[in-house]
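J.: Contents of work34.txt (compact mmCIF, N, CA and C atoms) are below:
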```
# COMPACT_ATOMS: atom_id res chain seq x y z
N MET A 272 0.15 11.61 -239.50
CA MET A 272 1.13 12.61 -239.13
C MET A 272 2.44 11.97 -238.65
N ILE A 273 2.34 10.86 -237.93
CA ILE A 273 3.54 10.20 -237.42
C ILE A 273 4.39 9.68 -238.57
N VAL A 274 3.76 9.17 -239.63
CA VAL A 274 4.51 8.66 -240.79
C VAL A 274 5.31 9.79 -241.42
N LEU A 275 4.71 10.96 -241.58
CA LEU A 275 5.43 12.10 -242.16
C LEU A 275 6.60 12.53 -241.27
N GLU A 276 6.39 12.50 -239.97
CA GLU A 276 7.47 12.87 -239.06
C GLU A 276 8.62 11.87 -239.14
N VAL A 277 8.30 10.59 -239.20
CA VAL A 277 9.34 9.56 -239.32
C VAL A 277 10.10 9.74 -240.63
N LEU A 278 9.38 9.98 -241.72
CA LEU A 278 10.04 10.22 -243.01
C LEU A 278 10.93 11.45 -242.96
N ALA A 279 10.46 12.51 -242.30
CA ALA A 279 11.27 13.72 -242.17
C ALA A 279 12.54 13.45 -241.38
N VAL A 280 12.43 12.70 -240.29
CA VAL A 280 13.60 12.39 -239.47
C VAL A 280 14.58 11.52 -240.25
N VAL A 281 14.08 10.53 -240.97
CA VAL A 281 14.96 9.67 -241.78
C VAL A 281 15.64 10.50 -242.87
N GLY A 282 14.89 11.38 -243.51
CA GLY A 282 15.46 12.26 -244.53
C GLY A 282 16.56 13.14 -243.96
N LEU A 283 16.32 13.69 -242.78
CA LEU A 283 17.35 14.51 -242.11
C LEU A 283 18.58 13.67 -241.80
N GLY A 284 18.35 12.44 -241.39
CA GLY A 284 19.47 11.54 -241.10
C GLY A 284 20.30 11.25 -242.34
N VAL A 285 19.61 11.02 -243.46
CA VAL A 285 20.33 10.78 -244.73
C VAL A 285 21.15 12.00 -245.12
N LEU A 286 20.53 13.16 -245.06
CA LEU A 286 21.23 14.40 -245.40
C LEU A 286 22.42 14.62 -244.48
N ALA A 287 22.22 14.43 -243.18
CA ALA A 287 23.30 14.62 -242.22
C ALA A 287 24.43 13.62 -242.47
N GLY A 288 24.09 12.40 -242.81
CA GLY A 288 25.12 11.41 -243.10
C GLY A 288 25.98 11.79 -244.30
N ILE A 289 25.33 12.25 -245.34
CA ILE A 289 26.08 12.69 -246.53
C ILE A 289 26.97 13.87 -246.20
N LEU A 290 26.39 14.88 -245.54
CA LEU A 290 27.17 16.08 -245.20
C LEU A 290 28.29 15.76 -244.22
N SER A 291 28.04 14.86 -243.30
CA SER A 291 29.07 14.47 -242.35
C SER A 291 30.24 13.80 -243.06
N GLY A 292 29.93 12.91 -243.98
CA GLY A 292 30.99 12.23 -244.71
C GLY A 292 31.78 13.16 -245.61
N VAL A 293 31.11 14.08 -246.25
CA VAL A 293 31.78 14.99 -247.20
C VAL A 293 32.51 16.13 -246.49
N PHE A 294 31.83 16.75 -245.50
CA PHE A 294 32.38 17.95 -244.88
C PHE A 294 32.80 17.79 -243.43
N GLY A 295 32.52 16.65 -242.82
CA GLY A 295 32.87 16.45 -241.43
C GLY A 295 31.92 17.18 -240.47
N VAL A 296 30.72 17.45 -240.92
CA VAL A 296 29.73 18.15 -240.08
C VAL A 296 28.49 17.28 -239.95
N GLY A 297 27.62 17.63 -239.07
CA GLY A 297 26.39 16.85 -238.93
C GLY A 297 25.53 17.37 -237.82
N GLY A 298 25.93 17.07 -236.58
CA GLY A 298 25.11 17.41 -235.43
C GLY A 298 24.64 18.83 -235.38
N GLY A 299 25.52 19.73 -235.03
CA GLY A 299 25.12 21.11 -234.86
C GLY A 299 24.70 21.79 -236.13
N VAL A 300 25.40 21.52 -237.19
CA VAL A 300 25.17 22.26 -238.44
C VAL A 300 23.91 21.80 -239.16
N VAL A 301 23.61 20.53 -239.12
CA VAL A 301 22.46 20.01 -239.85
C VAL A 301 21.30 19.66 -238.91
N PHE A 302 21.59 18.87 -237.89
CA PHE A 302 20.52 18.37 -237.03
C PHE A 302 19.76 19.48 -236.29
N VAL A 303 20.48 20.38 -235.65
CA VAL A 303 19.81 21.36 -234.80
C VAL A 303 18.88 22.28 -235.61
N PRO A 304 19.35 22.91 -236.69
CA PRO A 304 18.42 23.74 -237.44
C PRO A 304 17.25 22.94 -238.02
N ALA A 305 17.54 21.76 -238.52
CA ALA A 305 16.47 20.95 -239.12
C ALA A 305 15.45 20.51 -238.08
N LEU A 306 15.91 20.12 -236.92
CA LEU A 306 14.97 19.69 -235.88
C LEU A 306 14.09 20.84 -235.40
N THR A 307 14.64 22.04 -235.35
CA THR A 307 13.83 23.18 -234.93
C THR A 307 12.90 23.65 -236.03
N LEU A 308 13.40 23.73 -237.26
CA LEU A 308 12.62 24.29 -238.36
C LEU A 308 11.64 23.28 -238.97
N VAL A 309 12.07 22.04 -239.12
CA VAL A 309 11.23 21.04 -239.78
C VAL A 309 10.29 20.35 -238.79
N LEU A 310 10.83 19.95 -237.65
CA LEU A 310 10.01 19.21 -236.69
C LEU A 310 9.42 20.08 -235.59
N GLY A 311 9.86 21.32 -235.50
CA GLY A 311 9.31 22.23 -234.51
C GLY A 311 9.78 21.99 -233.09
N LEU A 312 10.92 21.32 -232.91
CA LEU A 312 11.45 21.11 -231.58
C LEU A 312 11.96 22.44 -231.02
N SER A 313 11.98 22.54 -229.71
CA SER A 313 12.60 23.71 -229.09
C SER A 313 14.10 23.64 -229.34
N GLN A 314 14.78 24.75 -229.18
CA GLN A 314 16.23 24.77 -229.37
C GLN A 314 16.90 23.79 -228.44
N LEU A 315 16.49 23.76 -227.18
CA LEU A 315 17.11 22.86 -226.21
C LEU A 315 16.87 21.40 -226.57
N ALA A 316 15.65 21.06 -226.97
CA ALA A 316 15.35 19.68 -227.35
C ALA A 316 16.13 19.28 -228.60
N ALA A 317 16.27 20.21 -229.55
CA ALA A 317 17.04 19.92 -230.76
C ALA A 317 18.51 19.70 -230.44
N GLU A 318 19.06 20.53 -229.55
CA GLU A 318 20.46 20.37 -229.17
C GLU A 318 20.68 19.04 -228.46
N ALA A 319 19.79 18.69 -227.54
CA ALA A 319 19.92 17.44 -226.80
C ALA A 319 19.76 16.23 -227.72
N THR A 320 18.79 16.29 -228.63
CA THR A 320 18.58 15.20 -229.59
C THR A 320 19.78 15.05 -230.51
N SER A 321 20.33 16.18 -230.93
CA SER A 321 21.49 16.18 -231.81
C SER A 321 22.70 15.52 -231.16
N LEU A 322 22.90 15.78 -229.87
CA LEU A 322 24.04 15.19 -229.17
C LEU A 322 23.99 13.67 -229.20
N LEU A 323 22.82 13.11 -229.01
CA LEU A 323 22.69 11.66 -229.05
C LEU A 323 22.77 11.13 -230.48
N ALA A 324 22.12 11.82 -231.40
CA ALA A 324 22.06 11.34 -232.79
C ALA A 324 23.42 11.37 -233.47
N ILE A 325 24.32 12.23 -233.05
CA ILE A 325 25.60 12.37 -233.74
C ILE A 325 26.57 11.24 -233.40
N ILE A 326 26.29 10.49 -232.34
CA ILE A 326 27.24 9.44 -231.92
C ILE A 326 27.50 8.42 -233.03
N PRO A 327 26.48 7.78 -233.62
CA PRO A 327 26.80 6.81 -234.69
C PRO A 327 27.42 7.47 -235.92
N VAL A 328 27.00 8.69 -236.22
CA VAL A 328 27.56 9.41 -237.37
C VAL A 328 29.05 9.64 -237.15
N ALA A 329 29.40 10.11 -235.96
CA ALA A 329 30.80 10.39 -235.64
C ALA A 329 31.64 9.11 -235.64
N LEU A 330 31.10 8.04 -235.08
CA LEU A 330 31.86 6.79 -235.02
C LEU A 330 32.13 6.22 -236.41
N LEU A 331 31.10 6.15 -237.24
CA LEU A 331 31.30 5.59 -238.57
C LEU A 331 32.11 6.52 -239.47
N GLY A 332 31.89 7.81 -239.36
CA GLY A 332 32.69 8.76 -240.14
C GLY A 332 34.16 8.71 -239.77
N THR A 333 34.42 8.60 -238.47
CA THR A 333 35.80 8.50 -238.00
C THR A 333 36.45 7.21 -238.47
N TRP A 334 35.70 6.13 -238.40
CA TRP A 334 36.23 4.84 -238.88
C TRP A 334 36.65 4.96 -240.34
N ARG A 335 35.80 5.55 -241.16
CA ARG A 335 36.12 5.66 -242.59
C ARG A 335 37.29 6.60 -242.84
N GLN A 336 37.30 7.74 -242.14
CA GLN A 336 38.39 8.70 -242.34
C GLN A 336 39.72 8.15 -241.80
N SER A 337 39.67 7.36 -240.75
CA SER A 337 40.92 6.79 -240.23
C SER A 337 41.50 5.78 -241.21
N ARG A 338 40.65 5.11 -241.96
CA ARG A 338 41.14 4.19 -243.00
C ARG A 338 41.88 4.97 -244.08
N ALA A 339 41.50 6.22 -244.28
CA ALA A 339 42.18 7.06 -245.27
C ALA A 339 43.41 7.75 -244.67
N GLY A 340 43.62 7.59 -243.37
CA GLY A 340 44.79 8.17 -242.72
C GLY A 340 44.67 9.64 -242.40
N THR A 341 43.46 10.16 -242.31
CA THR A 341 43.29 11.60 -242.10
C THR A 341 42.93 11.99 -240.68
N VAL A 342 42.76 11.03 -239.78
CA VAL A 342 42.39 11.35 -238.40
C VAL A 342 43.66 11.58 -237.58
N ARG A 343 43.71 12.70 -236.89
CA ARG A 343 44.83 12.99 -235.99
C ARG A 343 44.40 12.57 -234.59
N GLY A 344 44.75 11.33 -234.24
CA GLY A 344 44.26 10.68 -233.03
C GLY A 344 44.52 11.44 -231.75
N ARG A 345 45.74 11.90 -231.55
CA ARG A 345 46.06 12.62 -230.31
C ARG A 345 45.21 13.88 -230.18
N ASP A 346 45.13 14.64 -231.25
CA ASP A 346 44.31 15.86 -231.22
C ASP A 346 42.85 15.53 -230.95
N ALA A 347 42.36 14.47 -231.58
CA ALA A 347 40.96 14.08 -231.39
C ALA A 347 40.69 13.68 -229.95
N LEU A 348 41.61 12.93 -229.34
CA LEU A 348 41.42 12.51 -227.95
C LEU A 348 41.45 13.68 -227.00
N LEU A 349 42.39 14.61 -227.21
CA LEU A 349 42.46 15.79 -226.34
C LEU A 349 41.22 16.67 -226.51
N LEU A 350 40.81 16.89 -227.74
CA LEU A 350 39.62 17.68 -228.02
C LEU A 350 38.38 17.02 -227.42
N GLY A 351 38.26 15.72 -227.61
CA GLY A 351 37.12 14.98 -227.09
C GLY A 351 37.07 14.99 -225.58
N ALA A 352 38.21 14.79 -224.93
CA ALA A 352 38.24 14.78 -223.47
C ALA A 352 37.86 16.15 -222.90
N ALA A 353 38.44 17.19 -223.46
CA ALA A 353 38.14 18.54 -222.97
C ALA A 353 36.67 18.90 -223.19
N SER A 354 36.14 18.56 -224.35
CA SER A 354 34.75 18.92 -224.63
C SER A 354 33.77 18.04 -223.86
N ALA A 355 34.12 16.79 -223.61
CA ALA A 355 33.23 15.91 -222.84
C ALA A 355 33.08 16.43 -221.41
N ILE A 356 34.17 16.87 -220.84
CA ILE A 356 34.14 17.39 -219.47
C ILE A 356 33.29 18.65 -219.39
N THR A 357 33.46 19.55 -220.34
CA THR A 357 32.75 20.83 -220.28
C THR A 357 31.34 20.76 -220.87
N ALA A 358 31.02 19.70 -221.59
CA ALA A 358 29.67 19.57 -222.16
C ALA A 358 28.61 19.49 -221.07
N VAL A 359 28.96 18.90 -219.96
CA VAL A 359 28.01 18.81 -218.85
C VAL A 359 27.66 20.22 -218.35
N ALA A 360 28.67 21.04 -218.18
CA ALA A 360 28.42 22.42 -217.73
C ALA A 360 27.62 23.18 -218.78
N GLY A 361 27.93 22.96 -220.04
CA GLY A 361 27.18 23.61 -221.11
C GLY A 361 25.72 23.18 -221.14
N ALA A 362 25.47 21.91 -220.89
CA ALA A 362 24.10 21.40 -220.88
C ALA A 362 23.31 22.01 -219.72
N VAL A 363 23.95 22.13 -218.58
CA VAL A 363 23.28 22.75 -217.43
C VAL A 363 22.96 24.21 -217.74
N ALA A 364 23.92 24.92 -218.34
CA ALA A 364 23.67 26.32 -218.71
C ALA A 364 22.53 26.43 -219.72
N ALA A 365 22.51 25.53 -220.69
CA ALA A 365 21.45 25.56 -221.71
C ALA A 365 20.08 25.30 -221.11
N GLU A 366 20.02 24.42 -220.13
CA GLU A 366 18.74 24.13 -219.48
C GLU A 366 18.15 25.34 -218.77
N HIS A 367 19.00 26.28 -218.37
CA HIS A 367 18.55 27.46 -217.64
C HIS A 367 18.47 28.71 -218.51
N ALA A 368 18.90 28.62 -219.75
CA ALA A 368 18.89 29.79 -220.63
C ALA A 368 17.54 29.92 -221.33
N PRO A 369 17.12 31.14 -221.60
CA PRO A 369 15.88 31.35 -222.36
C PRO A 369 16.03 30.81 -223.79
N GLU A 370 14.94 30.32 -224.34
CA GLU A 370 14.93 29.77 -225.71
C GLU A 370 15.53 30.77 -226.71
N ARG A 371 15.15 32.02 -226.60
CA ARG A 371 15.63 33.04 -227.54
C ARG A 371 17.16 33.18 -227.47
N VAL A 372 17.72 33.14 -226.29
CA VAL A 372 19.17 33.24 -226.13
C VAL A 372 19.85 32.06 -226.81
N LEU A 373 19.31 30.86 -226.64
CA LEU A 373 19.89 29.68 -227.28
C LEU A 373 19.83 29.80 -228.80
N ARG A 374 18.69 30.20 -229.34
CA ARG A 374 18.54 30.31 -230.79
C ARG A 374 19.46 31.37 -231.39
N VAL A 375 19.48 32.54 -230.78
CA VAL A 375 20.33 33.62 -231.30
C VAL A 375 21.81 33.25 -231.15
N GLY A 376 22.17 32.70 -230.01
CA GLY A 376 23.56 32.27 -229.81
C GLY A 376 23.99 31.23 -230.82
N PHE A 377 23.12 30.27 -231.09
CA PHE A 377 23.44 29.23 -232.07
C PHE A 377 23.58 29.83 -233.47
N ALA A 378 22.68 30.71 -233.83
CA ALA A 378 22.73 31.37 -235.14
C ALA A 378 24.02 32.18 -235.28
N LEU A 379 24.40 32.90 -234.25
CA LEU A 379 25.63 33.69 -234.30
C LEU A 379 26.86 32.79 -234.43
N LEU A 380 26.83 31.65 -233.75
CA LEU A 380 27.93 30.69 -233.87
C LEU A 380 28.06 30.18 -235.31
N LEU A 381 26.93 29.85 -235.93
CA LEU A 381 26.96 29.39 -237.32
C LEU A 381 27.46 30.48 -238.26
N LEU A 382 27.00 31.70 -238.05
CA LEU A 382 27.44 32.82 -238.89
C LEU A 382 28.94 33.09 -238.73
N ALA A 383 29.43 33.09 -237.51
CA ALA A 383 30.85 33.32 -237.27
C ALA A 383 31.70 32.21 -237.89
N THR A 384 31.24 30.98 -237.78
CA THR A 384 31.96 29.86 -238.38
C THR A 384 31.98 29.98 -239.90
N ALA A 385 30.84 30.28 -240.47
CA ALA A 385 30.76 30.45 -241.93
C ALA A 385 31.67 31.57 -242.40
N TRP A 386 31.65 32.69 -241.68
CA TRP A 386 32.49 33.83 -242.06
C TRP A 386 33.97 33.44 -242.03
N GLN A 387 34.41 32.76 -240.98
CA GLN A 387 35.81 32.36 -240.88
C GLN A 387 36.20 31.40 -242.00
N LEU A 388 35.34 30.46 -242.32
CA LEU A 388 35.65 29.50 -243.39
C LEU A 388 35.76 30.20 -244.74
N VAL A 389 34.85 31.10 -245.02
CA VAL A 389 34.89 31.83 -246.29
C VAL A 389 36.13 32.71 -246.34
N ARG A 390 36.39 33.44 -245.27
CA ARG A 390 37.55 34.35 -245.22
C ARG A 390 38.85 33.59 -245.43
N ARG A 391 38.99 32.49 -244.75
CA ARG A 391 40.23 31.70 -244.88
C ARG A 391 40.34 31.05 -246.25
N SER A 392 39.23 30.62 -246.81
CA SER A 392 39.27 29.98 -248.12
C SER A 392 39.65 30.98 -249.21
N LEU A 393 39.18 32.19 -249.09
CA LEU A 393 39.45 33.20 -250.11
C LEU A 393 40.84 33.82 -249.96
N GLY A 394 41.36 33.86 -248.73
CA GLY A 394 42.62 34.56 -248.50
C GLY A 394 43.79 33.67 -248.20
N SER A 395 43.63 32.37 -248.25
CA SER A 395 44.68 31.46 -247.81
C SER A 395 45.22 30.65 -248.98
N LYS A 396 46.50 30.31 -248.88
CA LYS A 396 47.13 29.45 -249.88
C LYS A 396 47.40 28.07 -249.33
N GLY A 397 46.87 27.76 -248.18
CA GLY A 397 47.06 26.45 -247.56
C GLY A 397 46.97 26.59 -246.06
N VAL A 398 46.60 25.52 -245.42
CA VAL A 398 46.46 25.53 -243.98
C VAL A 398 47.52 24.62 -243.40
N SER A 399 48.20 25.07 -242.36
CA SER A 399 49.22 24.27 -241.71
C SER A 399 48.63 22.95 -241.24
N GLY A 400 49.30 21.88 -241.54
CA GLY A 400 48.84 20.57 -241.12
C GLY A 400 47.95 19.88 -242.14
N ASP A 401 47.58 20.59 -243.19
CA ASP A 401 46.73 20.00 -244.24
C ASP A 401 47.65 19.28 -245.22
N PRO A 402 47.53 17.96 -245.37
CA PRO A 402 48.42 17.22 -246.25
C PRO A 402 48.35 17.65 -247.70
N ASP A 403 47.23 18.24 -248.10
CA ASP A 403 47.09 18.68 -249.49
C ASP A 403 47.49 20.13 -249.66
N GLY A 404 47.87 20.81 -248.59
CA GLY A 404 48.31 22.18 -248.69
C GLY A 404 47.19 23.18 -248.82
N GLY A 405 45.96 22.80 -248.60
CA GLY A 405 44.87 23.77 -248.62
C GLY A 405 43.76 23.25 -249.38
```
Using the file provided, produce a representation of the structure as structure tokens.
T.:
Amino acid sequence: MIVLEVLAVVGLGVLAGILSGVFGVGGGVVFVPALTLVLGLSQLAAEATSLLAIIPVALLGTWRQSRAGTVRGRDALLLGAASAITAVAGAVAAEHAPERVLRVGFALLLLATAWQLVRRSLGSKGVSGDPDGG
């Protein structure tokens, strides 16, 4: 059983790496659902595991994207600083929230994000700040 679990985790890592490189996603979008559905982790354990697992993905993905000139350093630093400070409060809140609230909240976040991406892609002729114009 441990061999199958290790293979599943490695497979998830490969998938997350590909998706991270192509779409800039990984932790929340790939790791959390996969860890809960495939490995049976609780929502809280999947979120906590995802936070640690995304560090090398983010570092290497950023390194590669910065070589292409697509990283906006100032924005990334401000975003990172603000989220790092508030992540502690979010983790404390998650530790006290019921499992169902975490799962439903996470699902709603994914749905809202997907809806916004589809809506903007279908109705937009370009996004401000996008060097390719959309």
J.: Could you check which of A:Ile356, A:Leu286, A:Glu276, A:Gly394 is closest to Val309 in chain A, using all atoms listed in the file?
T.: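 Smallest distance to Val309 in chain A is found for A:Glu276.
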J.: Select, from A:Ala279, A:Ala368, A:Val363, A:Leu388, the residue with the minimum atom-to-atom distance to Leu310 in chain A, counting only N, CA and C atoms.
T.: A:Ala279
J.: Which of chain A end up as helix (DSSP H, G or I) when DSSP is run on this backbone - answer as a count of residues only?
T.: 107
J.: What's around range 369-376 of chain A at 8 Å? Count all atoms listed in the file, leave out sequence neighbours fewer than 6 positions away in its own chain, and write the answer as an NGL selection string.
T.: :A and (313-315 or 382)
J.: Calculated over all atoms listed in the file, which of the candidates A:Phe302, A:Phe377, A:Trp386, A:Trp334 has the smallest distance to Gly284 in chain A?
T.: A:Phe302
J.: Would you work out the distance separating atom C of Val301 in chain A from CA of Ser321 in chain A, expressed in Å to one decimal?
T.: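 Here the two named atoms are 7.9 Å from each other.
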J.: Show me that you can extract range 299-330 of chain A, keeping N, CA and C atoms, and write it as a PDB file, in the first residue's frame.
T.:
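Listing of out-v1.pdb after writing:
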```
ATOM      1  N   GLY A 299      -2.979  25.134  -4.631  1.00  0.00           N
ATOM      2  CA  GLY A 299      -4.396  25.057  -4.337  1.00  0.00           C
ATOM      3  C   GLY A 299      -5.202  24.346  -5.388  1.00  0.00           C
ATOM      4  N   VAL A 300      -4.884  24.585  -6.621  1.00  0.00           N
ATOM      5  CA  VAL A 300      -5.711  24.064  -7.710  1.00  0.00           C
ATOM      6  C   VAL A 300      -5.499  22.578  -7.948  1.00  0.00           C
ATOM      7  N   VAL A 301      -4.285  22.106  -7.805  1.00  0.00           N
ATOM      8  CA  VAL A 301      -3.991  20.704  -8.085  1.00  0.00           C
ATOM      9  C   VAL A 301      -3.783  19.902  -6.803  1.00  0.00           C
ATOM     10  N   PHE A 302      -2.905  20.385  -5.941  1.00  0.00           N
ATOM     11  CA  PHE A 302      -2.535  19.603  -4.760  1.00  0.00           C
ATOM     12  C   PHE A 302      -3.701  19.338  -3.818  1.00  0.00           C
ATOM     13  N   VAL A 303      -4.442  20.372  -3.468  1.00  0.00           N
ATOM     14  CA  VAL A 303      -5.472  20.204  -2.440  1.00  0.00           C
ATOM     15  C   VAL A 303      -6.564  19.220  -2.881  1.00  0.00           C
ATOM     16  N   PRO A 304      -7.172  19.394  -4.057  1.00  0.00           N
ATOM     17  CA  PRO A 304      -8.183  18.407  -4.447  1.00  0.00           C
ATOM     18  C   PRO A 304      -7.604  16.997  -4.585  1.00  0.00           C
ATOM     19  N   ALA A 305      -6.418  16.899  -5.147  1.00  0.00           N
ATOM     20  CA  ALA A 305      -5.822  15.573  -5.338  1.00  0.00           C
ATOM     21  C   ALA A 305      -5.496  14.907  -4.005  1.00  0.00           C
ATOM     22  N   LEU A 306      -4.975  15.665  -3.072  1.00  0.00           N
ATOM     23  CA  LEU A 306      -4.636  15.086  -1.772  1.00  0.00           C
ATOM     24  C   LEU A 306      -5.884  14.627  -1.017  1.00  0.00           C
ATOM     25  N   THR A 307      -6.983  15.350  -1.173  1.00  0.00           N
ATOM     26  CA  THR A 307      -8.209  14.934  -0.495  1.00  0.00           C
ATOM     27  C   THR A 307      -8.880  13.774  -1.214  1.00  0.00           C
ATOM     28  N   LEU A 308      -8.944  13.830  -2.542  1.00  0.00           N
ATOM     29  CA  LEU A 308      -9.673  12.817  -3.298  1.00  0.00           C
ATOM     30  C   LEU A 308      -8.870  11.537  -3.529  1.00  0.00           C
ATOM     31  N   VAL A 309      -7.583  11.677  -3.813  1.00  0.00           N
ATOM     32  CA  VAL A 309      -6.762  10.510  -4.139  1.00  0.00           C
ATOM     33  C   VAL A 309      -6.179   9.863  -2.885  1.00  0.00           C
ATOM     34  N   LEU A 310      -5.640  10.690  -1.997  1.00  0.00           N
ATOM     35  CA  LEU A 310      -4.982  10.139  -0.808  1.00  0.00           C
ATOM     36  C   LEU A 310      -5.877  10.110   0.425  1.00  0.00           C
ATOM     37  N   GLY A 311      -7.025  10.760   0.347  1.00  0.00           N
ATOM     38  CA  GLY A 311      -7.955  10.734   1.462  1.00  0.00           C
ATOM     39  C   GLY A 311      -7.572  11.620   2.632  1.00  0.00           C
ATOM     40  N   LEU A 312      -6.719  12.616   2.410  1.00  0.00           N
ATOM     41  CA  LEU A 312      -6.362  13.535   3.482  1.00  0.00           C
ATOM     42  C   LEU A 312      -7.558  14.414   3.825  1.00  0.00           C
ATOM     43  N   SER A 313      -7.590  14.900   5.040  1.00  0.00           N
ATOM     44  CA  SER A 313      -8.610  15.878   5.410  1.00  0.00           C
ATOM     45  C   SER A 313      -8.318  17.169   4.650  1.00  0.00           C
ATOM     46  N   GLN A 314      -9.299  18.033   4.563  1.00  0.00           N
ATOM     47  CA  GLN A 314      -9.105  19.312   3.878  1.00  0.00           C
ATOM     48  C   GLN A 314      -7.979  20.095   4.522  1.00  0.00           C
ATOM     49  N   LEU A 315      -7.951  20.141   5.847  1.00  0.00           N
ATOM     50  CA  LEU A 315      -6.914  20.892   6.549  1.00  0.00           C
ATOM     51  C   LEU A 315      -5.530  20.307   6.299  1.00  0.00           C
ATOM     52  N   ALA A 316      -5.405  18.984   6.352  1.00  0.00           N
ATOM     53  CA  ALA A 316      -4.109  18.350   6.099  1.00  0.00           C
ATOM     54  C   ALA A 316      -3.667  18.579   4.657  1.00  0.00           C
ATOM     55  N   ALA A 317      -4.606  18.537   3.719  1.00  0.00           N
ATOM     56  CA  ALA A 317      -4.265  18.785   2.311  1.00  0.00           C
ATOM     57  C   ALA A 317      -3.806  20.220   2.109  1.00  0.00           C
ATOM     58  N   GLU A 318      -4.488  21.173   2.748  1.00  0.00           N
ATOM     59  CA  GLU A 318      -4.090  22.574   2.621  1.00  0.00           C
ATOM     60  C   GLU A 318      -2.702  22.797   3.215  1.00  0.00           C
ATOM     61  N   ALA A 319      -2.450  22.231   4.389  1.00  0.00           N
ATOM     62  CA  ALA A 319      -1.155  22.395   5.042  1.00  0.00           C
ATOM     63  C   ALA A 319      -0.037  21.735   4.234  1.00  0.00           C
ATOM     64  N   THR A 320      -0.296  20.538   3.724  1.00  0.00           N
ATOM     65  CA  THR A 320       0.691  19.832   2.902  1.00  0.00           C
ATOM     66  C   THR A 320       0.975  20.603   1.621  1.00  0.00           C
ATOM     67  N   SER A 321      -0.075  21.153   1.026  1.00  0.00           N
ATOM     68  CA  SER A 321       0.060  21.926  -0.200  1.00  0.00           C
ATOM     69  C   SER A 321       0.938  23.160   0.000  1.00  0.00           C
ATOM     70  N   LEU A 322       0.778  23.823   1.136  1.00  0.00           N
ATOM     71  CA  LEU A 322       1.579  25.025   1.396  1.00  0.00           C
ATOM     72  C   LEU A 322       3.072  24.717   1.396  1.00  0.00           C
ATOM     73  N   LEU A 323       3.444  23.605   1.982  1.00  0.00           N
ATOM     74  CA  LEU A 323       4.858  23.235   1.998  1.00  0.00           C
ATOM     75  C   LEU A 323       5.312  22.730   0.626  1.00  0.00           C
ATOM     76  N   ALA A 324       4.482  21.931  -0.016  1.00  0.00           N
ATOM     77  CA  ALA A 324       4.868  21.323  -1.291  1.00  0.00           C
ATOM     78  C   ALA A 324       5.022  22.346  -2.406  1.00  0.00           C
ATOM     79  N   ILE A 325       4.328  23.462  -2.326  1.00  0.00           N
ATOM     80  CA  ILE A 325       4.363  24.435  -3.420  1.00  0.00           C
ATOM     81  C   ILE A 325       5.648  25.265  -3.430  1.00  0.00           C
ATOM     82  N   ILE A 326       6.400  25.246  -2.333  1.00  0.00           N
ATOM     83  CA  ILE A 326       7.602  26.089  -2.265  1.00  0.00           C
ATOM     84  C   ILE A 326       8.589  25.786  -3.394  1.00  0.00           C
ATOM     85  N   PRO A 327       9.033  24.530  -3.594  1.00  0.00           N
ATOM     86  CA  PRO A 327       9.975  24.299  -4.697  1.00  0.00           C
ATOM     87  C   PRO A 327       9.357  24.559  -6.071  1.00  0.00           C
ATOM     88  N   VAL A 328       8.073  24.269  -6.213  1.00  0.00           N
ATOM     89  CA  VAL A 328       7.391  24.520  -7.491  1.00  0.00           C
ATOM     90  C   VAL A 328       7.406  26.012  -7.797  1.00  0.00           C
ATOM     91  N   ALA A 329       7.062  26.815  -6.806  1.00  0.00           N
ATOM     92  CA  ALA A 329       7.027  28.264  -6.995  1.00  0.00           C
ATOM     93  C   ALA A 329       8.417  28.827  -7.279  1.00  0.00           C
ATOM     94  N   LEU A 330       9.418  28.350  -6.560  1.00  0.00           N
ATOM     95  CA  LEU A 330      10.777  28.860  -6.761  1.00  0.00           C
ATOM     96  C   LEU A 330      11.304  28.546  -8.163  1.00  0.00           C
TER      97      LEU A 330
END
```
